[in-house]
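Reading through the structure tokens given below for one structure.
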Amino acid sequence: MDEEQVGEPFVVIGVGPWEGEWPSEDHYDPDLLLEGDRRNVVDQYRYWKLESIVADLDTKRHTMHIAIENLGHDFNIGTIVRSANAFLVKEVHIVGKKRWNRRGAMVTDRYQHVHHHEHASDFLMWAKSESLPVIGLDNFPGAVKLESFTFPRSCVLVVGQEGTGLSDPMRDGCDSLVEISQFGSTRSINVGAAAAIAMHEWVRQWAV
């Protein structure tokens with residue numbers, strides 16, 4: 001079971017063992033009913049089996065995908081996966097190195113469909129086969145300001161490696177490039193933060 005620390009001392013989240021007669025529906029997990037549910041899930045999914053939660057989410061997922069280039073084992077990927085779960089993206093795509101640090105995902109990768117593409121060309125071929133426009137997030141000359149960009153309802157957003165941005169093959173294969181307006185002294189913002197901003201902008205345009 002997962003527990004979170006909120007300040008000091010430890011505060012146990014979630015709910016304890018089910019009180020009273022157990023529910024008979026198949027989506028409930030007998031072990032969780034017996035022991036309690038300490039997972040970081042919304043109340044709707046308390047005591048539910050993992051596979052039942054995923055199945056229910058699959059009926060509600062948005063038509064936005066998120067892709068991350070993993071050229072050097074980027075530690076931001078877990079954070080992006082966690083944001084993808086929060087915004088209920090359809091699928092997460094890891095392009096490049098297959099291995100990534102899952103700690104930042106806070107186990108939310110269990111509730112997402114995560115796919116691997118060995119090269120940018122493989123990913124771009126997949127997107128084309130699915131008729132999904134590829135929207136690259138990069139502060140590259142000629143990029144459209146995110147604040148004025150209208151996302152396609154069905155699309156895949158792609159972010160690059162922290163520090164270097166999108167690779168040349170990925171950038172060349174994008175249907176559109178967008179950038180987030182910045183006003184400070186640094187050249188770029190953290191890629192995990194940028195991905196969350198872009199995903200939320202899609203949500204603002206299509207899901208609220």
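Following the order of the structure tokens, chains are lettered A, B, ..., residues in each are numbered from 1, and ligands are numbered from 1.
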
Sel. of alpha helix (DSSP H) residues, stretch 22-200 of chain A, as an MDAnalysis selection string: chainID A and resid 30:35 50:58 77:86 120:129 168:173 191:200

Contact residues around stretch 96-98 of chain A with only C-alpha atoms at 6 Å, ignoring same-chain residues under 6 positions, as a VMD selection string: chain A and resid 69 to 71 118 to 119

Close residues, A:Val203 itself excluded, 9 Å, only C-alpha atoms, min 5 positions apart in chain, as a PyMOL selection string: chain A and resi 62+64+87+198+208

For the selection you just gave me, I'd like the residues written to a file as an mmCIF file, in the first residue's frame, keeping C-alpha atoms.
data_model
loop_
_atom_site.group_PDB
_atom_site.id
_atom_site.type_symbol
_atom_site.label_atom_id
_atom_site.label_comp_id
_atom_site.auth_asym_id
_atom_site.auth_seq_id
_atom_site.Cartn_x
_atom_site.Cartn_y
_atom_site.Cartn_z
ATOM 1 C CA HIS A 62 -9.287 12.339 -24.002
ATOM 2 C CA MET A 64 -4.796 13.837 -26.785
ATOM 3 C CA PHE A 87 -5.203 15.254 -17.543
ATOM 4 C CA ALA A 198 0.646 22.328 -22.945
ATOM 5 C CA VAL A 208 -13.867 22.034 -20.047
#

In stretch 141-193 of chain A, DSSP strand (DSSP E or B) residues written as a ChimeraX atom specification: /A:144-145,155-159,161,165,176-179

Go ahead and write the residues just picked, C-alpha atoms, as a PDB file, in the first residue's frame.
ATOM      1  CA  VAL A 144       3.687  29.606 -32.812  1.00  0.00           C
ATOM      2  CA  LYS A 145       2.887  31.036 -29.399  1.00  0.00           C
ATOM      3  CA  CYS A 155      -3.386  15.000 -31.745  1.00  0.00           C
ATOM      4  CA  VAL A 156      -0.159  13.991 -30.073  1.00  0.00           C
ATOM      5  CA  LEU A 157       1.963  16.511 -28.205  1.00  0.00           C
ATOM      6  CA  VAL A 158       5.683  15.811 -28.143  1.00  0.00           C
ATOM      7  CA  VAL A 159       8.344  17.277 -25.875  1.00  0.00           C
ATOM      8  CA  GLN A 161      14.958  16.138 -23.845  1.00  0.00           C
ATOM      9  CA  GLY A 165      14.702  20.187 -26.787  1.00  0.00           C
ATOM     10  CA  SER A 176       3.233  22.320 -35.942  1.00  0.00           C
ATOM     11  CA  LEU A 177       5.701  23.776 -33.454  1.00  0.00           C
ATOM     12  CA  VAL A 178       4.466  25.769 -30.466  1.00  0.00           C
ATOM     13  CA  GLU A 179       6.288  27.607 -27.710  1.00  0.00           C
TER      14      GLU A 179
END

Of the listed residues A:Asp109, A:Glu35, A:Asp122, A:Glu19, that which approaches A:Pro169 most closely, counting only C-alpha atoms: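 Going through A:Asp109, A:Glu35, A:Asp122, A:Glu19 one by one, the smallest distance to A:Pro169 is for A:Asp122.
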
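Relative to atom CA of A:Ala84, atom CA of A:Val12 is found at 25.2 Å.
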
Length of the atom CA of A:Asp74 to atom CA of A:Glu162 vector [Å]: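 Atom CA of A:Glu162 lies at a distance of 6.8 Å from atom CA of A:Asp74.
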
Atom pair atom CA of A:Gly36 / atom CA of A:Asp56: separation (Å): 20.9 Å

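If you measure from each of A:Ile80, A:Leu50, A:Ile189, A:Val89 to A:His65 using only C-alpha atoms, the closest one turns out to be A:Val89.
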
Nearby residues (only C-alpha atoms) at most 12 Å from A:Asn85, same-chain spacing under 2 positions excluded, as an MDAnalysis selection string: chainID A and resid 41 54 57:58 60:62 64:66 78:83 87:92 105:114 196 199:200

Best match for closeness to A:Thr164 among A:Ser131, A:Ser188, A:Ser148, A:Ser181, counting only C-alpha atoms: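 Using only C-alpha atoms, the shortest distance to A:Thr164 belongs to A:Ser188.
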
From A:Ala207, A:Ala120, A:Leu146, A:Leu32, residue lying nearest A:Gln182 [only C-alpha atoms]: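 Once distances to A:Gln182 are computed over only C-alpha atoms, the minimum belongs to A:Leu146.
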
Selected residue of minimal separation from A:Asp175 among A:Gly20, A:Pro133, A:Pro152, A:Gly192, counting only C-alpha atoms: A:Pro133
